[in-house]
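**Student:** Attaching a single structure in structure tokens format; questions to follow.
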2 protein chains.
Amino acid sequence: MVAHVHRPIRKVAICAPATPLRRKYADAVAELAASEFPDLELAFHEQCFEQEGHFAGSDEVRLAALLECADDPEVDAVWFAKGGYGSNRIAAKFIGQAGQEAKDKAFIGYSDCGTLLGALYRARIGHPVHAPMPVDIKRDGGDDAVRRVLVWMSGDDGGLEPALSGRPRVAFNLYTLAMLVGTQFMPALEGHEVIIEEVGEYEYAIDRLMFHLIEHLRGIAGIRLGEVTAIPENDRPFGSDAEEIVRYWCQRYGIAYLGRAAIGHTSANRIVPFGLEA
Amino acid sequence: MVAHVHRPIRKVAICAPATPLRRKYADAVAELAASEFPDLELAFHEQCFEQEGHFAGSDEVRLAALLECADDPEVDAVWFAKGGYGSNRIAAKFIGQAGQEAKDKAFIGYSDCGTLLGALYRARIGHPVHAPMPVDIKRDGGDDAVRRVLVWMSGDDGGLEPALSGRPRVAFNLYTLAMLVGTQFMPALEGHEVIIEEVGEYEYAIDRLMFHLIEHLRGIAGIRLGEVTAIPENDRPFGSDAEEIVRYWCQRYGIAYLGRAAIGHTSANRIVPFGLEA
């Protein structure tokens, strides 16, 4: 599927399908955008700041905000404010209820929101794009992460993942993708480069997630590994590092290991439009 | 599939398909068995005490020990010493290479070793039994956990999960089962009661695992929830507890929630022979 995002993007609606964003981070992103990208309008939905238990509002509240952003004819792109966990809970109703206005928008985010990117890609709604989110402004170098997205929105491809080839590709958090495989939201990935990254998981858990993922992947072009950060210290060394683990499972299942990529839970996180975009 | 384990069990071979057992725990189990169950012979394979990185020896070493135990014509049951992580890595070769002598043995354990129980159940090799393992001797009340298994081996059903009905059933650690679904090792569970338990996972992670699990389960008789222990404290309350989470997903997918069960990562962990055994 080759279908290009129309850029420059002029108006961006921001909502939080998983967990809430702190208002100070929204303010910092808005300020950066206003001073450097005066032609771009960022609209933070108030739902970004709601909280109900773990989530940025109840399932109903998050779904309503997401649909409002996706169905707004004035909006060119929907930017997910933050991951965390929870977008899977509203994915089915979102895909079922999104209207015609959603069909040509870019949907931008990563981490837990990869569930929505995957579901949109499967449903062929809009243009899913793995990229930094407003919450990334809080990182060291977070201004650069956010700026990378705004620059891309303006039409410049400088922030794209450098390893993109002529093949279609997707990019996911490993755990998120492992929870997506085999579900009603999992897109067909035959012929795709699958780029994965992880944060905050033990190496044995990475090994276990790779086992599950690779049992489910069929006919892909290969796997590329982004950053694997904040690995907790276990009571004993696992015996191989994240790249060796990914190589092991690729080799065992006859899947090409394609090397590293520059995506991950860091401020260096690059942009990966799904499919053959870009 | 109704096929009964031949009890009393006379000789038990013990190996560690995942992580190593400390020798002092093996000694304590051996001592308890010798003093209270003189007719029962427990044979701890030396591989139980090997260590290579995370694992109780390399994949090759663990596989060889498991096959040796399973294929020994003198042995009535194979008891997994400990979970941890890693039995999935040797499951395919084990299932492919296990011989005729494995067909009528009981295979006993839980947690990570649920991967093997599931794979055996799918392949219709032996009698998979969810039950405490030798490592459980280290718990408060661990003697009772181990004794429960030895009593069951002697032919007494007093240690069975009390909620067992007339329907076939399986019992798994939730994370282990979530990694098993959709793989070459996943048994068909139509008509089964699926009993799950969890340890050491955040509530949001339990919610995520339930999403994944329930997307994969079709035609089961229902889900029963065992103990959910050692939930880490998150930066904010999730908003519902483990039982509410399981009820939520069951209700959402039209699966019967059957109530609680007495399995889990505690010394109260009960015995659940897979299928219609018992």
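By convention here, the chains of the structure tokens are called A, B, ... in the order presented, each chain's residues are numbered starting at 1, and ligands are numbered starting at 1 in the order presented.
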I'd like the superposed copy of chain B - fitted to chain A by least squares over all paired Cα atoms - as a PDB file with C-alpha atoms, in the first residue's frame.
**Tutor:**
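Output saved as out09.pdb:
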ATOM      1  CA  MET B   1       0.026  -0.024   0.015  1.00  0.00           C
ATOM      2  CA  VAL B   2       1.694   3.182  -1.162  1.00  0.00           C
ATOM      3  CA  ALA B   3      -0.286   6.215  -0.070  1.00  0.00           C
ATOM      4  CA  HIS B   4       1.453   9.353   0.969  1.00  0.00           C
ATOM      5  CA  VAL B   5       0.738  11.586   3.898  1.00  0.00           C
ATOM      6  CA  HIS B   6      -0.156  15.037   2.609  1.00  0.00           C
ATOM      7  CA  ARG B   7       2.411  17.430   3.986  1.00  0.00           C
ATOM      8  CA  PRO B   8       2.840  20.068   5.189  1.00  0.00           C
ATOM      9  CA  ILE B   9       0.451  19.120   7.934  1.00  0.00           C
ATOM     10  CA  ARG B  10      -1.408  22.254   9.111  1.00  0.00           C
ATOM     11  CA  LYS B  11      -3.518  21.170  12.061  1.00  0.00           C
ATOM     12  CA  VAL B  12      -2.770  18.423  14.563  1.00  0.00           C
ATOM     13  CA  ALA B  13      -5.212  17.080  17.143  1.00  0.00           C
ATOM     14  CA  ILE B  14      -3.627  15.527  20.234  1.00  0.00           C
ATOM     15  CA  CYS B  15      -5.353  13.027  22.521  1.00  0.00           C
ATOM     16  CA  ALA B  16      -4.260  10.322  24.962  1.00  0.00           C
ATOM     17  CA  PRO B  17      -5.631   6.844  24.196  1.00  0.00           C
ATOM     18  CA  ALA B  18      -3.704   5.279  27.095  1.00  0.00           C
ATOM     19  CA  THR B  19      -2.408   7.302  30.073  1.00  0.00           C
ATOM     20  CA  PRO B  20      -2.565  11.033  30.888  1.00  0.00           C
ATOM     21  CA  LEU B  21      -0.086  13.724  29.915  1.00  0.00           C
ATOM     22  CA  ARG B  22       1.020  16.302  32.458  1.00  0.00           C
ATOM     23  CA  ARG B  23      -0.125  19.743  31.461  1.00  0.00           C
ATOM     24  CA  LYS B  24       3.346  21.227  31.775  1.00  0.00           C
ATOM     25  CA  TYR B  25       4.579  18.924  29.014  1.00  0.00           C
ATOM     26  CA  ALA B  26       1.736  19.963  26.737  1.00  0.00           C
ATOM     27  CA  ASP B  27       2.583  23.591  27.459  1.00  0.00           C
ATOM     28  CA  ALA B  28       6.242  23.039  26.640  1.00  0.00           C
ATOM     29  CA  VAL B  29       5.377  21.344  23.331  1.00  0.00           C
ATOM     30  CA  ALA B  30       2.900  24.093  22.458  1.00  0.00           C
ATOM     31  CA  GLU B  31       5.490  26.757  23.208  1.00  0.00           C
ATOM     32  CA  LEU B  32       8.161  25.069  21.097  1.00  0.00           C
ATOM     33  CA  ALA B  33       5.737  24.671  18.187  1.00  0.00           C
ATOM     34  CA  ALA B  34       4.460  28.262  18.409  1.00  0.00           C
ATOM     35  CA  SER B  35       7.953  29.744  18.351  1.00  0.00           C
ATOM     36  CA  GLU B  36       9.493  27.530  15.666  1.00  0.00           C
ATOM     37  CA  PHE B  37       6.545  26.323  13.551  1.00  0.00           C
ATOM     38  CA  PRO B  38       4.080  29.211  13.347  1.00  0.00           C
ATOM     39  CA  ASP B  39       2.190  27.634  10.444  1.00  0.00           C
ATOM     40  CA  LEU B  40       1.386  24.520  12.452  1.00  0.00           C
ATOM     41  CA  GLU B  41      -1.593  24.427  14.798  1.00  0.00           C
ATOM     42  CA  LEU B  42      -1.444  21.973  17.701  1.00  0.00           C
ATOM     43  CA  ALA B  43      -4.743  21.320  19.492  1.00  0.00           C
ATOM     44  CA  PHE B  44      -4.377  19.438  22.783  1.00  0.00           C
ATOM     45  CA  HIS B  45      -7.690  17.787  23.622  1.00  0.00           C
ATOM     46  CA  GLU B  46      -8.603  18.314  27.282  1.00  0.00           C
ATOM     47  CA  GLN B  47      -8.912  14.554  27.598  1.00  0.00           C
ATOM     48  CA  CYS B  48      -5.096  14.381  27.571  1.00  0.00           C
ATOM     49  CA  PHE B  49      -5.161  15.608  31.169  1.00  0.00           C
ATOM     50  CA  GLU B  50      -7.971  13.470  32.562  1.00  0.00           C
ATOM     51  CA  GLN B  51      -7.230  10.658  34.952  1.00  0.00           C
ATOM     52  CA  GLU B  52      -9.248   7.641  35.988  1.00  0.00           C
ATOM     53  CA  GLY B  53      -7.152   5.040  37.778  1.00  0.00           C
ATOM     54  CA  HIS B  54      -4.364   4.062  35.426  1.00  0.00           C
ATOM     55  CA  PHE B  55      -5.895   5.710  32.393  1.00  0.00           C
ATOM     56  CA  ALA B  56      -6.417   9.149  30.874  1.00  0.00           C
ATOM     57  CA  GLY B  57     -10.130   8.901  31.575  1.00  0.00           C
ATOM     58  CA  SER B  58     -12.425   5.902  31.247  1.00  0.00           C
ATOM     59  CA  ASP B  59     -12.502   3.786  28.100  1.00  0.00           C
ATOM     60  CA  GLU B  60     -15.562   5.769  26.983  1.00  0.00           C
ATOM     61  CA  VAL B  61     -13.861   9.124  27.536  1.00  0.00           C
ATOM     62  CA  ARG B  62     -10.669   8.116  25.738  1.00  0.00           C
ATOM     63  CA  LEU B  63     -12.600   6.586  22.843  1.00  0.00           C
ATOM     64  CA  ALA B  64     -14.767   9.684  22.446  1.00  0.00           C
ATOM     65  CA  ALA B  65     -11.746  11.992  22.328  1.00  0.00           C
ATOM     66  CA  LEU B  66      -9.933   9.776  19.856  1.00  0.00           C
ATOM     67  CA  LEU B  67     -12.968   9.624  17.572  1.00  0.00           C
ATOM     68  CA  GLU B  68     -13.449  13.362  17.863  1.00  0.00           C
ATOM     69  CA  CYS B  69      -9.866  13.972  16.748  1.00  0.00           C
ATOM     70  CA  ALA B  70      -9.972  11.347  13.989  1.00  0.00           C
ATOM     71  CA  ASP B  71     -13.281  12.522  12.579  1.00  0.00           C
ATOM     72  CA  ASP B  72     -12.555  16.259  12.621  1.00  0.00           C
ATOM     73  CA  PRO B  73     -12.455  17.424   8.977  1.00  0.00           C
ATOM     74  CA  GLU B  74     -10.211  20.376   9.909  1.00  0.00           C
ATOM     75  CA  VAL B  75      -7.493  18.098  11.291  1.00  0.00           C
ATOM     76  CA  ASP B  76      -4.682  16.622   9.184  1.00  0.00           C
ATOM     77  CA  ALA B  77      -3.037  14.420  11.808  1.00  0.00           C
ATOM     78  CA  VAL B  78      -3.817  12.785  15.155  1.00  0.00           C
ATOM     79  CA  TRP B  79      -0.843  12.760  17.509  1.00  0.00           C
ATOM     80  CA  PHE B  80      -0.964  10.468  20.525  1.00  0.00           C
ATOM     81  CA  ALA B  81       0.191  12.358  23.626  1.00  0.00           C
ATOM     82  CA  LYS B  82       1.638   9.427  25.572  1.00  0.00           C
ATOM     83  CA  GLY B  83       1.710   5.638  25.770  1.00  0.00           C
ATOM     84  CA  GLY B  84       1.758   3.787  29.078  1.00  0.00           C
ATOM     85  CA  TYR B  85      -0.931   1.195  28.592  1.00  0.00           C
ATOM     86  CA  GLY B  86      -4.545   1.121  27.543  1.00  0.00           C
ATOM     87  CA  SER B  87      -5.046   1.918  23.878  1.00  0.00           C
ATOM     88  CA  ASN B  88      -5.891  -1.755  23.201  1.00  0.00           C
ATOM     89  CA  ARG B  89      -9.034  -1.397  25.314  1.00  0.00           C
ATOM     90  CA  ILE B  90     -10.566   1.128  22.920  1.00  0.00           C
ATOM     91  CA  ALA B  91      -9.094  -0.154  19.643  1.00  0.00           C
ATOM     92  CA  ALA B  92     -12.062  -2.271  18.527  1.00  0.00           C
ATOM     93  CA  LYS B  93     -14.666   0.475  18.921  1.00  0.00           C
ATOM     94  CA  PHE B  94     -12.333   3.048  17.428  1.00  0.00           C
ATOM     95  CA  ILE B  95     -11.712   0.991  14.307  1.00  0.00           C
ATOM     96  CA  GLY B  96     -15.403   0.150  14.054  1.00  0.00           C
ATOM     97  CA  GLN B  97     -16.628   3.716  14.486  1.00  0.00           C
ATOM     98  CA  ALA B  98     -13.990   5.881  12.783  1.00  0.00           C
ATOM     99  CA  GLY B  99     -15.564   7.765   9.912  1.00  0.00           C
ATOM    100  CA  GLN B 100     -14.514   8.848   6.426  1.00  0.00           C
ATOM    101  CA  GLU B 101     -12.576  11.818   7.776  1.00  0.00           C
ATOM    102  CA  ALA B 102     -10.110   9.425   9.445  1.00  0.00           C
ATOM    103  CA  LYS B 103      -9.187   7.703   6.193  1.00  0.00           C
ATOM    104  CA  ASP B 104      -6.563  10.156   5.043  1.00  0.00           C
ATOM    105  CA  LYS B 105      -5.087  11.394   8.308  1.00  0.00           C
ATOM    106  CA  ALA B 106      -1.692  10.584   9.763  1.00  0.00           C
ATOM    107  CA  PHE B 107      -1.799   8.837  13.169  1.00  0.00           C
ATOM    108  CA  ILE B 108       1.433   9.403  15.043  1.00  0.00           C
ATOM    109  CA  GLY B 109       2.942   7.828  18.149  1.00  0.00           C
ATOM    110  CA  TYR B 110       4.657   4.712  19.509  1.00  0.00           C
ATOM    111  CA  SER B 111       5.023   2.432  22.539  1.00  0.00           C
ATOM    112  CA  ASP B 112       1.590   1.309  23.795  1.00  0.00           C
ATOM    113  CA  CYS B 113      -0.055   3.364  21.030  1.00  0.00           C
ATOM    114  CA  GLY B 114       1.533   0.953  18.569  1.00  0.00           C
ATOM    115  CA  THR B 115      -1.586  -1.107  19.160  1.00  0.00           C
ATOM    116  CA  LEU B 116      -3.595   1.608  17.413  1.00  0.00           C
ATOM    117  CA  LEU B 117      -0.995   2.022  14.659  1.00  0.00           C
ATOM    118  CA  GLY B 118      -1.186  -1.733  14.008  1.00  0.00           C
ATOM    119  CA  ALA B 119      -4.980  -1.787  14.098  1.00  0.00           C
ATOM    120  CA  LEU B 120      -5.206   1.188  11.729  1.00  0.00           C
ATOM    121  CA  TYR B 121      -2.695  -0.432   9.385  1.00  0.00           C
ATOM    122  CA  ARG B 122      -4.705  -3.643   9.332  1.00  0.00           C
ATOM    123  CA  ALA B 123      -7.945  -1.752   8.729  1.00  0.00           C
ATOM    124  CA  ARG B 124      -6.268   0.471   6.089  1.00  0.00           C
ATOM    125  CA  ILE B 125      -7.446   3.596   7.845  1.00  0.00           C
ATOM    126  CA  GLY B 126      -5.164   6.607   7.624  1.00  0.00           C
ATOM    127  CA  HIS B 127      -1.365   6.607   7.710  1.00  0.00           C
ATOM    128  CA  PRO B 128       0.187   5.101  10.843  1.00  0.00           C
ATOM    129  CA  VAL B 129       3.526   6.663  11.752  1.00  0.00           C
ATOM    130  CA  HIS B 130       5.895   5.525  14.484  1.00  0.00           C
ATOM    131  CA  ALA B 131       7.384   8.705  15.949  1.00  0.00           C
ATOM    132  CA  PRO B 132       8.082  10.558  19.219  1.00  0.00           C
ATOM    133  CA  MET B 133       5.119  11.872  21.191  1.00  0.00           C
ATOM    134  CA  PRO B 134       4.503  15.066  23.158  1.00  0.00           C
ATOM    135  CA  VAL B 135       5.466  13.299  26.404  1.00  0.00           C
ATOM    136  CA  ASP B 136       8.994  12.870  25.041  1.00  0.00           C
ATOM    137  CA  ILE B 137       9.605  16.580  25.694  1.00  0.00           C
ATOM    138  CA  LYS B 138      10.460  15.530  29.255  1.00  0.00           C
ATOM    139  CA  ARG B 139      13.542  13.550  28.215  1.00  0.00           C
ATOM    140  CA  ASP B 140      17.091  14.853  28.009  1.00  0.00           C
ATOM    141  CA  GLY B 141      17.128  16.108  24.452  1.00  0.00           C
ATOM    142  CA  GLY B 142      13.354  15.901  24.391  1.00  0.00           C
ATOM    143  CA  ASP B 143      13.071  19.175  22.492  1.00  0.00           C
ATOM    144  CA  ASP B 144      14.912  17.506  19.622  1.00  0.00           C
ATOM    145  CA  ALA B 145      12.592  14.504  19.735  1.00  0.00           C
ATOM    146  CA  VAL B 146       9.501  16.701  19.486  1.00  0.00           C
ATOM    147  CA  ARG B 147      11.142  19.007  16.937  1.00  0.00           C
ATOM    148  CA  ARG B 148      11.901  15.956  14.768  1.00  0.00           C
ATOM    149  CA  VAL B 149       8.181  15.266  14.471  1.00  0.00           C
ATOM    150  CA  LEU B 150       7.250  18.889  13.820  1.00  0.00           C
ATOM    151  CA  VAL B 151       9.912  19.131  11.114  1.00  0.00           C
ATOM    152  CA  TRP B 152       8.549  15.948   9.522  1.00  0.00           C
ATOM    153  CA  MET B 153       5.039  17.415   9.681  1.00  0.00           C
ATOM    154  CA  SER B 154       6.336  20.434   7.770  1.00  0.00           C
ATOM    155  CA  GLY B 155       7.382  18.136   4.920  1.00  0.00           C
ATOM    156  CA  ASP B 156      11.056  17.455   5.680  1.00  0.00           C
ATOM    157  CA  ASP B 157      12.228  13.821   5.782  1.00  0.00           C
ATOM    158  CA  GLY B 158      15.383  14.432   7.805  1.00  0.00           C
ATOM    159  CA  GLY B 159      14.004  12.717  10.900  1.00  0.00           C
ATOM    160  CA  LEU B 160      13.198   9.419   9.228  1.00  0.00           C
ATOM    161  CA  GLU B 161      14.801   6.201  10.418  1.00  0.00           C
ATOM    162  CA  PRO B 162      18.004   6.098   8.329  1.00  0.00           C
ATOM    163  CA  ALA B 163      17.842   2.355   7.687  1.00  0.00           C
ATOM    164  CA  LEU B 164      14.594   2.490   5.710  1.00  0.00           C
ATOM    165  CA  SER B 165      14.925   0.424   2.537  1.00  0.00           C
ATOM    166  CA  GLY B 166      12.685   0.017  -0.461  1.00  0.00           C
ATOM    167  CA  ARG B 167      10.588  -2.522   1.398  1.00  0.00           C
ATOM    168  CA  PRO B 168       7.457  -1.805   3.413  1.00  0.00           C
ATOM    169  CA  ARG B 169       8.090  -1.576   7.123  1.00  0.00           C
ATOM    170  CA  VAL B 170       6.451  -1.230  10.509  1.00  0.00           C
ATOM    171  CA  ALA B 171       7.914  -0.259  13.879  1.00  0.00           C
ATOM    172  CA  PHE B 172       6.721  -1.429  17.270  1.00  0.00           C
ATOM    173  CA  ASN B 173       7.598  -1.784  20.877  1.00  0.00           C
ATOM    174  CA  LEU B 174       8.365  -5.498  21.273  1.00  0.00           C
ATOM    175  CA  TYR B 175       5.974  -6.110  24.175  1.00  0.00           C
ATOM    176  CA  THR B 176       3.198  -4.186  22.414  1.00  0.00           C
ATOM    177  CA  LEU B 177       3.685  -6.204  19.230  1.00  0.00           C
ATOM    178  CA  ALA B 178       3.827  -9.467  21.202  1.00  0.00           C
ATOM    179  CA  MET B 179       0.409  -8.582  22.640  1.00  0.00           C
ATOM    180  CA  LEU B 180      -0.906  -7.699  19.169  1.00  0.00           C
ATOM    181  CA  VAL B 181       0.023 -10.894  17.311  1.00  0.00           C
ATOM    182  CA  GLY B 182      -2.859 -13.250  16.685  1.00  0.00           C
ATOM    183  CA  THR B 183      -5.464 -10.668  17.687  1.00  0.00           C
ATOM    184  CA  GLN B 184      -8.151  -9.019  15.576  1.00  0.00           C
ATOM    185  CA  PHE B 185      -5.857  -5.974  15.304  1.00  0.00           C
ATOM    186  CA  MET B 186      -2.746  -7.641  13.887  1.00  0.00           C
ATOM    187  CA  PRO B 187      -1.914  -6.502  10.356  1.00  0.00           C
ATOM    188  CA  ALA B 188      -0.520  -8.905   7.763  1.00  0.00           C
ATOM    189  CA  LEU B 189       3.216  -8.225   7.651  1.00  0.00           C
ATOM    190  CA  GLU B 190       4.294 -10.432   4.747  1.00  0.00           C
ATOM    191  CA  GLY B 191       7.221  -8.783   2.988  1.00  0.00           C
ATOM    192  CA  HIS B 192       7.677  -6.173   5.710  1.00  0.00           C
ATOM    193  CA  GLU B 193      10.729  -5.179   7.667  1.00  0.00           C
ATOM    194  CA  VAL B 194       9.661  -5.368  11.292  1.00  0.00           C
ATOM    195  CA  ILE B 195      11.527  -2.889  13.480  1.00  0.00           C
ATOM    196  CA  ILE B 196      11.286  -3.468  17.221  1.00  0.00           C
ATOM    197  CA  GLU B 197      12.492  -1.702  20.352  1.00  0.00           C
ATOM    198  CA  GLU B 198      12.083  -2.312  24.061  1.00  0.00           C
ATOM    199  CA  VAL B 199      12.341  -0.546  27.398  1.00  0.00           C
ATOM    200  CA  GLY B 200      12.385  -1.684  31.005  1.00  0.00           C
ATOM    201  CA  GLU B 201      12.268  -5.438  30.457  1.00  0.00           C
ATOM    202  CA  TYR B 202      14.636  -8.093  31.793  1.00  0.00           C
ATOM    203  CA  GLU B 203      16.668  -9.938  29.177  1.00  0.00           C
ATOM    204  CA  TYR B 204      14.885 -13.185  30.009  1.00  0.00           C
ATOM    205  CA  ALA B 205      11.594 -11.383  29.355  1.00  0.00           C
ATOM    206  CA  ILE B 206      12.936 -10.098  26.029  1.00  0.00           C
ATOM    207  CA  ASP B 207      13.871 -13.670  25.149  1.00  0.00           C
ATOM    208  CA  ARG B 208      10.364 -14.844  26.063  1.00  0.00           C
ATOM    209  CA  LEU B 209       8.681 -12.066  24.082  1.00  0.00           C
ATOM    210  CA  MET B 210      10.880 -12.834  21.058  1.00  0.00           C
ATOM    211  CA  PHE B 211       9.854 -16.500  21.259  1.00  0.00           C
ATOM    212  CA  HIS B 212       6.209 -15.520  21.218  1.00  0.00           C
ATOM    213  CA  LEU B 213       6.575 -12.891  18.519  1.00  0.00           C
ATOM    214  CA  ILE B 214       8.574 -15.021  16.153  1.00  0.00           C
ATOM    215  CA  GLU B 215       6.213 -17.972  16.501  1.00  0.00           C
ATOM    216  CA  HIS B 216       3.559 -15.641  15.077  1.00  0.00           C
ATOM    217  CA  LEU B 217       5.458 -13.903  12.267  1.00  0.00           C
ATOM    218  CA  ARG B 218       5.252 -15.486   8.840  1.00  0.00           C
ATOM    219  CA  GLY B 219       6.824 -14.344   5.601  1.00  0.00           C
ATOM    220  CA  ILE B 220       8.320 -11.111   6.848  1.00  0.00           C
ATOM    221  CA  ALA B 221      11.357  -9.580   5.130  1.00  0.00           C
ATOM    222  CA  GLY B 222      13.264  -9.537   8.398  1.00  0.00           C
ATOM    223  CA  ILE B 223      13.670  -7.986  11.820  1.00  0.00           C
ATOM    224  CA  ARG B 224      15.618  -4.860  12.669  1.00  0.00           C
ATOM    225  CA  LEU B 225      16.409  -3.963  16.284  1.00  0.00           C
ATOM    226  CA  GLY B 226      16.134  -0.469  17.704  1.00  0.00           C
ATOM    227  CA  GLU B 227      17.239   0.652  21.147  1.00  0.00           C
ATOM    228  CA  VAL B 228      16.751  -1.594  24.159  1.00  0.00           C
ATOM    229  CA  THR B 229      16.964   0.608  27.223  1.00  0.00           C
ATOM    230  CA  ALA B 230      16.508   0.528  30.998  1.00  0.00           C
ATOM    231  CA  ILE B 231      17.005  -3.227  31.295  1.00  0.00           C
ATOM    232  CA  PRO B 232      16.614  -3.990  35.018  1.00  0.00           C
ATOM    233  CA  GLU B 233      19.452  -5.820  36.734  1.00  0.00           C
ATOM    234  CA  ASN B 234      18.543  -9.434  37.418  1.00  0.00           C
ATOM    235  CA  ASP B 235      19.878 -11.657  40.204  1.00  0.00           C
ATOM    236  CA  ARG B 236      22.262 -13.198  37.647  1.00  0.00           C
ATOM    237  CA  PRO B 237      23.413 -12.324  34.128  1.00  0.00           C
ATOM    238  CA  PHE B 238      21.206 -13.725  31.389  1.00  0.00           C
ATOM    239  CA  GLY B 239      24.134 -14.789  29.257  1.00  0.00           C
ATOM    240  CA  SER B 240      23.413 -12.842  26.084  1.00  0.00           C
ATOM    241  CA  ASP B 241      22.466  -9.262  25.337  1.00  0.00           C
ATOM    242  CA  ALA B 242      19.378  -8.002  23.538  1.00  0.00           C
ATOM    243  CA  GLU B 243      20.910  -8.084  20.071  1.00  0.00           C
ATOM    244  CA  GLU B 244      22.228 -11.611  20.601  1.00  0.00           C
ATOM    245  CA  ILE B 245      18.766 -12.655  21.750  1.00  0.00           C
ATOM    246  CA  VAL B 246      17.118 -11.238  18.629  1.00  0.00           C
ATOM    247  CA  ARG B 247      19.791 -12.831  16.412  1.00  0.00           C
ATOM    248  CA  TYR B 248      19.238 -16.173  18.164  1.00  0.00           C
ATOM    249  CA  TRP B 249      15.515 -16.271  17.502  1.00  0.00           C
ATOM    250  CA  CYS B 250      15.878 -14.976  13.945  1.00  0.00           C
ATOM    251  CA  GLN B 251      18.459 -17.645  13.152  1.00  0.00           C
ATOM    252  CA  ARG B 252      16.426 -20.382  14.789  1.00  0.00           C
ATOM    253  CA  TYR B 253      13.316 -19.545  12.742  1.00  0.00           C
ATOM    254  CA  GLY B 254      15.099 -18.724   9.479  1.00  0.00           C
ATOM    255  CA  ILE B 255      14.211 -15.016   9.585  1.00  0.00           C
ATOM    256  CA  ALA B 256      16.690 -12.418   8.342  1.00  0.00           C
ATOM    257  CA  TYR B 257      18.229 -10.240  11.029  1.00  0.00           C
ATOM    258  CA  LEU B 258      18.713  -6.875   9.373  1.00  0.00           C
ATOM    259  CA  GLY B 259      20.804  -5.017  11.947  1.00  0.00           C
ATOM    260  CA  ARG B 260      20.093  -2.010  14.118  1.00  0.00           C
ATOM    261  CA  ALA B 261      17.673   0.883  13.818  1.00  0.00           C
ATOM    262  CA  ALA B 262      17.453   4.234  15.578  1.00  0.00           C
ATOM    263  CA  ILE B 263      14.046   3.867  17.184  1.00  0.00           C
ATOM    264  CA  GLY B 264      13.377   3.428  20.879  1.00  0.00           C
ATOM    265  CA  HIS B 265      12.362   4.998  24.164  1.00  0.00           C
ATOM    266  CA  THR B 266      14.998   7.723  23.876  1.00  0.00           C
ATOM    267  CA  SER B 267      15.083  11.255  22.502  1.00  0.00           C
ATOM    268  CA  ALA B 268      16.891   9.878  19.424  1.00  0.00           C
ATOM    269  CA  ASN B 269      13.743   7.939  18.444  1.00  0.00           C
ATOM    270  CA  ARG B 270      13.352   8.235  14.659  1.00  0.00           C
ATOM    271  CA  ILE B 271      10.272   8.382  12.460  1.00  0.00           C
ATOM    272  CA  VAL B 272       8.974   5.308  10.649  1.00  0.00           C
ATOM    273  CA  PRO B 273       5.893   5.750   8.480  1.00  0.00           C
ATOM    274  CA  PHE B 274       4.253   2.328   8.113  1.00  0.00           C
ATOM    275  CA  GLY B 275       4.233   0.628   4.732  1.00  0.00           C
ATOM    276  CA  LEU B 276       6.011   2.202   1.783  1.00  0.00           C
ATOM    277  CA  GLU B 277       5.359   5.797   2.746  1.00  0.00           C
ATOM    278  CA  ALA B 278       8.378   8.089   2.248  1.00  0.00           C
TER     279      ALA B 278
END
**Student:** As number ranges by chain, please: every residue in stretch 40-228 of chain A that a backbone DSSP assignment puts in helix (DSSP H, G or I).
**Tutor:** A: 46-49, 59-70, 88-97, 100-102, 111-123, 134-138, 142-153, 174-180, 203-216
**Student:** Which residues in stretch 65-262 of chain B does DSSP call strand (DSSP E)? List them as an NGL selection string.
**Tutor:** :B and (77-80 or 106-109 or 127-130 or 169-173 or 193-199 or 222-229 or 257-260)
